[in-house]
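Let me begin by presenting the structure, written as structure tokens, before commenting on it.
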Amino acid sequence: MTHETRGPARGWREATEEALYGPYGFYRRPEGPAGHFRTSVHASPLYAAAVARLLCRVDAALGHPGELAFVDVGAGRAELTTGVLDHLPADVAARTRAYAVERAARPEGLDPRVTWCAEPPAGVTGLLFANEWLDNVPVDVVEVAADGAPRRVLVHDDGTEELGSPVTGPDADWLARWWPLAAEPGLRAEIGRPRDAAWAAAVATLRRGLAVAVDYAHARDARPPHGTLTGFREGRETAPVPDGSCDITAHVALDACALPGGRLLTQRAALGALGVRGDRPPLSLASTDPAAYVRALARAGEAAELTARGGLGGFGWLLQPVGSGVAEPLAEAGLAELLAEAGPQEVLAEAGPQEVLAEAGPQEPLTGRAELLVDVTDDEEQ
């Protein structure tokens, strides 16, 4: 293949931005993300129901404002937004203004209650929820060269790579703090600085309330030695090729994204606090009400998938209270378990693939994650 047909080499951040969000980008396709991978939102309506309960608790903490915002960042085709609206009590739904934030065009037939927008609305009060959004905020990739220096990885349109110039300035500072690399050729990292900035900007759009980011993540003490950049197409993991034919994603350094006062915990812990548990129904129900037993068994199976250790349950949840004095009423409104002062950090070990694949069943395709529960201490404040 000639250099001309491969296209010019450029950084992964620039290449990914065009491949995902350009005029013919992956996320502008009509089938949407659900046509290629399956997230917690697609796994079970229990997820949307849990987020609806979270929104109700935020509503109570804020004193039941006249307008309550639910902002779904990286909304896909608004599956979570519509699911949350469907699970809200009538009195809360009547005051809720739902926003689906996505770069693609508004889907046909979308619930008219949903406001479709390219950026989060500014100055709202309520819950901002970003489910698997940060992993698709493009980042640059670096690799330690033969001379021991981290160099930016450049990529052609066909996915072939070459090493560029050494990393300097703010990107080098970010690596030194959040993903230090030994001088061993071949070690790789993803520079998460754009994600830190994207999350801070999203949080800043809230006047008062709670911002939540959910993603597959790793912690500073256990970064994957060769990075996590990968691709997904039609339900299968594939090589990342920045030509618009596949998703391009990388795990998130959520500990670097966290702002002062933020809390990190696992999806298993978060959903458990919101009432999602995979306990089997009592066998006695099978004899008294077989149909109810089957329904309860199905719900238990879905809950087990959402909270599975080493699977979706190992995803990180970053919770950020916004506004003076908001954290205490949030805790009093039933979120104390989520916002409690954390104990020692339990790092996320190197993880496997990003999403539960579209063709996958209830198996647990992500392996090797320990649970994460950290507070953002003073020495980690940004």
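How things are named: the first chain in the structure tokens is A, the next is B, and so on; residues count from 1 in each chain; ligands count from 1 in the order shown.
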(message) Write out as a ChimeraX atom specification the set of residues from region 2-248 of chain A that DSSP, computed on the backbone, places in helix (DSSP H, G or I).
(response) /A:3-6,12-21,26-28,33-35,40-43,45-61,79-87,90-93,134-136,169-178,193-204,220-222
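Contact shell of region 161-177 of chain A at 7 Å (only C-alpha atoms; same-chain neighbours under 6 positions omitted): A:Ala149, A:Pro150, A:Arg151, A:Arg152, A:Val153, A:Leu154, A:Val155, A:Ile191, A:Arg193.
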Okay, now the selection with N, CA and C atoms, as an mmCIF file, in the first residue's frame?
```cif
data_model
loop_
_atom_site.group_PDB
_atom_site.id
_atom_site.type_symbol
_atom_site.label_atom_id
_atom_site.label_comp_id
_atom_site.auth_asym_id
_atom_site.auth_seq_id
_atom_site.Cartn_x
_atom_site.Cartn_y
_atom_site.Cartn_z
ATOM 1 N N ALA A 149 12.266 7.889 25.605
ATOM 2 C CA ALA A 149 11.400 9.066 25.686
ATOM 3 C C ALA A 149 10.003 8.735 25.181
ATOM 4 N N PRO A 150 8.949 9.178 25.883
ATOM 5 C CA PRO A 150 7.585 9.012 25.355
ATOM 6 C C PRO A 150 7.394 9.898 24.125
ATOM 7 N N ARG A 151 6.950 9.293 23.032
ATOM 8 C CA ARG A 151 6.711 10.034 21.794
ATOM 9 C C ARG A 151 5.258 9.849 21.357
ATOM 10 N N ARG A 152 4.737 10.869 20.736
ATOM 11 C CA ARG A 152 3.366 10.820 20.260
ATOM 12 C C ARG A 152 3.252 9.785 19.142
ATOM 13 N N VAL A 153 2.204 8.965 19.200
ATOM 14 C CA VAL A 153 1.962 7.968 18.165
ATOM 15 C C VAL A 153 1.129 8.610 17.064
ATOM 16 N N LEU A 154 1.625 8.519 15.832
ATOM 17 C CA LEU A 154 0.911 9.035 14.672
ATOM 18 C C LEU A 154 0.284 7.863 13.924
ATOM 19 N N VAL A 155 -0.870 8.108 13.315
ATOM 20 C CA VAL A 155 -1.608 7.029 12.665
ATOM 21 C C VAL A 155 -2.073 7.465 11.289
ATOM 22 N N ILE A 191 -3.192 10.030 26.771
ATOM 23 C CA ILE A 191 -3.155 11.297 27.511
ATOM 24 C C ILE A 191 -4.585 11.767 27.741
ATOM 25 N N ARG A 193 -5.892 14.332 29.230
ATOM 26 C CA ARG A 193 -6.154 15.747 29.496
ATOM 27 C C ARG A 193 -7.420 16.270 28.810
#
```
May I have the residues within 10 Å of Asp140 (chain A) as a compact mmCIF listing (two decimals) with N, CA and C atoms, in the first residue's frame, using only C-alpha atoms and disregarding those fewer than 2 positions away in the same chain?
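Output file out30.txt is given in full below:
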```txt
# COMPACT_ATOMS: atom_id res chain seq x y z
N ARG A 10 -1.13 11.40 11.46
CA ARG A 10 -1.51 12.45 12.41
C ARG A 10 -1.75 11.82 13.76
N GLY A 11 -1.86 12.64 14.80
CA GLY A 11 -2.08 12.12 16.13
C GLY A 11 -3.42 11.41 16.25
N TRP A 12 -3.49 10.46 17.19
CA TRP A 12 -4.73 9.69 17.36
C TRP A 12 -5.91 10.59 17.76
N ARG A 13 -5.65 11.65 18.48
CA ARG A 13 -6.76 12.52 18.90
C ARG A 13 -7.42 13.16 17.68
N GLU A 14 -6.62 13.72 16.79
CA GLU A 14 -7.16 14.35 15.60
C GLU A 14 -7.84 13.32 14.70
N ALA A 15 -7.17 12.17 14.52
CA ALA A 15 -7.73 11.14 13.64
C ALA A 15 -9.04 10.59 14.18
N THR A 16 -9.12 10.39 15.49
CA THR A 16 -10.33 9.85 16.10
C THR A 16 -11.48 10.85 16.02
N PRO A 138 -11.87 11.94 22.21
CA PRO A 138 -10.60 11.50 21.63
C PRO A 138 -9.39 11.96 22.43
N VAL A 142 0.66 7.85 23.34
CA VAL A 142 2.11 7.97 23.35
C VAL A 142 2.74 6.60 23.55
N ARG A 152 4.74 10.87 20.74
CA ARG A 152 3.37 10.82 20.26
C ARG A 152 3.25 9.79 19.14
N VAL A 153 2.20 8.96 19.20
CA VAL A 153 1.96 7.97 18.17
C VAL A 153 1.13 8.61 17.06
N LEU A 154 1.63 8.52 15.83
CA LEU A 154 0.91 9.03 14.67
C LEU A 154 0.28 7.86 13.92
N ASP A 171 0.98 18.16 28.25
CA ASP A 171 0.75 16.72 28.08
C ASP A 171 1.80 15.92 28.84
N ALA A 189 0.62 4.82 26.63
CA ALA A 189 -0.36 5.49 27.49
C ALA A 189 -1.26 6.35 26.62
N GLU A 190 -2.42 6.68 27.17
CA GLU A 190 -3.34 7.62 26.54
C GLU A 190 -3.40 8.88 27.39
N ILE A 191 -3.19 10.03 26.77
CA ILE A 191 -3.16 11.30 27.51
C ILE A 191 -4.59 11.77 27.74
N GLY A 192 -5.04 11.70 28.99
CA GLY A 192 -6.44 11.97 29.31
C GLY A 192 -6.79 13.42 29.53
N ARG A 193 -5.89 14.33 29.23
CA ARG A 193 -6.15 15.75 29.50
C ARG A 193 -7.42 16.27 28.81
N PRO A 194 -7.71 15.89 27.55
CA PRO A 194 -8.96 16.36 26.93
C PRO A 194 -10.20 15.87 27.66
N LEU A 229 -6.40 1.50 23.86
CA LEU A 229 -7.05 1.90 22.62
C LEU A 229 -7.50 0.68 21.83
```
(message) Calculated over only C-alpha atoms, which of the candidates A:Ala250, A:Val92, A:Ala100, A:Leu62 has the smallest distance to Pro112 (chain A)?
(response) A:Ala100
(request) Have a look at A:Pro8, A:Gly310, A:Pro89, A:Gly316 and name the one nearest to Leu265 (chain A); count only C-alpha atoms. (result) A:Gly316
(request) With a distance cut-off of 10 Å and only C-alpha atoms, select the neighbouring residues of Ala93 (chain A), excluding the residue or stretch itself and same-chain residues fewer than 6 positions from it, and output the selection as a list of chain:residue names. (result)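 After dropping sequence-adjacent residues, the list is A:Ala52, A:Cys56, A:Glu67, A:Leu68, A:Val84, A:Leu85, A:Asp86, A:His87, A:Arg113.
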Taking N, CA and C atoms for each residue, export the selection above as a PDB file, in the first residue's frame.
```
ATOM      1  N   ALA A  52     -33.484   6.797  37.151  1.00  0.00           N
ATOM      2  CA  ALA A  52     -34.686   7.556  37.505  1.00  0.00           C
ATOM      3  C   ALA A  52     -34.792   7.712  39.017  1.00  0.00           C
ATOM      4  N   CYS A  56     -34.797  11.183  41.215  1.00  0.00           N
ATOM      5  CA  CYS A  56     -35.780  11.509  42.249  1.00  0.00           C
ATOM      6  C   CYS A  56     -35.104  11.921  43.551  1.00  0.00           C
ATOM      7  N   GLU A  67     -38.444  23.396  37.913  1.00  0.00           N
ATOM      8  CA  GLU A  67     -37.956  22.691  36.727  1.00  0.00           C
ATOM      9  C   GLU A  67     -36.732  21.880  37.113  1.00  0.00           C
ATOM     10  N   LEU A  68     -36.794  20.593  36.862  1.00  0.00           N
ATOM     11  CA  LEU A  68     -35.726  19.660  37.199  1.00  0.00           C
ATOM     12  C   LEU A  68     -35.117  19.147  35.899  1.00  0.00           C
ATOM     13  N   VAL A  84     -35.567   6.802  31.393  1.00  0.00           N
ATOM     14  CA  VAL A  84     -35.693   7.522  32.664  1.00  0.00           C
ATOM     15  C   VAL A  84     -37.046   8.213  32.755  1.00  0.00           C
ATOM     16  N   LEU A  85     -37.458   8.894  31.691  1.00  0.00           N
ATOM     17  CA  LEU A  85     -38.758   9.559  31.708  1.00  0.00           C
ATOM     18  C   LEU A  85     -39.888   8.570  31.966  1.00  0.00           C
ATOM     19  N   ASP A  86     -39.797   7.400  31.381  1.00  0.00           N
ATOM     20  CA  ASP A  86     -40.849   6.392  31.545  1.00  0.00           C
ATOM     21  C   ASP A  86     -40.927   5.853  32.966  1.00  0.00           C
ATOM     22  N   HIS A  87     -39.817   5.931  33.717  1.00  0.00           N
ATOM     23  CA  HIS A  87     -39.796   5.367  35.073  1.00  0.00           C
ATOM     24  C   HIS A  87     -40.017   6.413  36.172  1.00  0.00           C
ATOM     25  N   ARG A 113     -40.964  15.100  24.480  1.00  0.00           N
ATOM     26  CA  ARG A 113     -40.539  15.668  25.758  1.00  0.00           C
ATOM     27  C   ARG A 113     -39.032  15.849  25.831  1.00  0.00           C
TER      28      ARG A 113
END
```
(request) Compare A:Ala253, A:Val214, A:Val139, A:Ala122 by their minimum atom-to-atom distance to Glu17 (chain A), counting only C-alpha atoms, and give me the closest one. (result) A:Val139
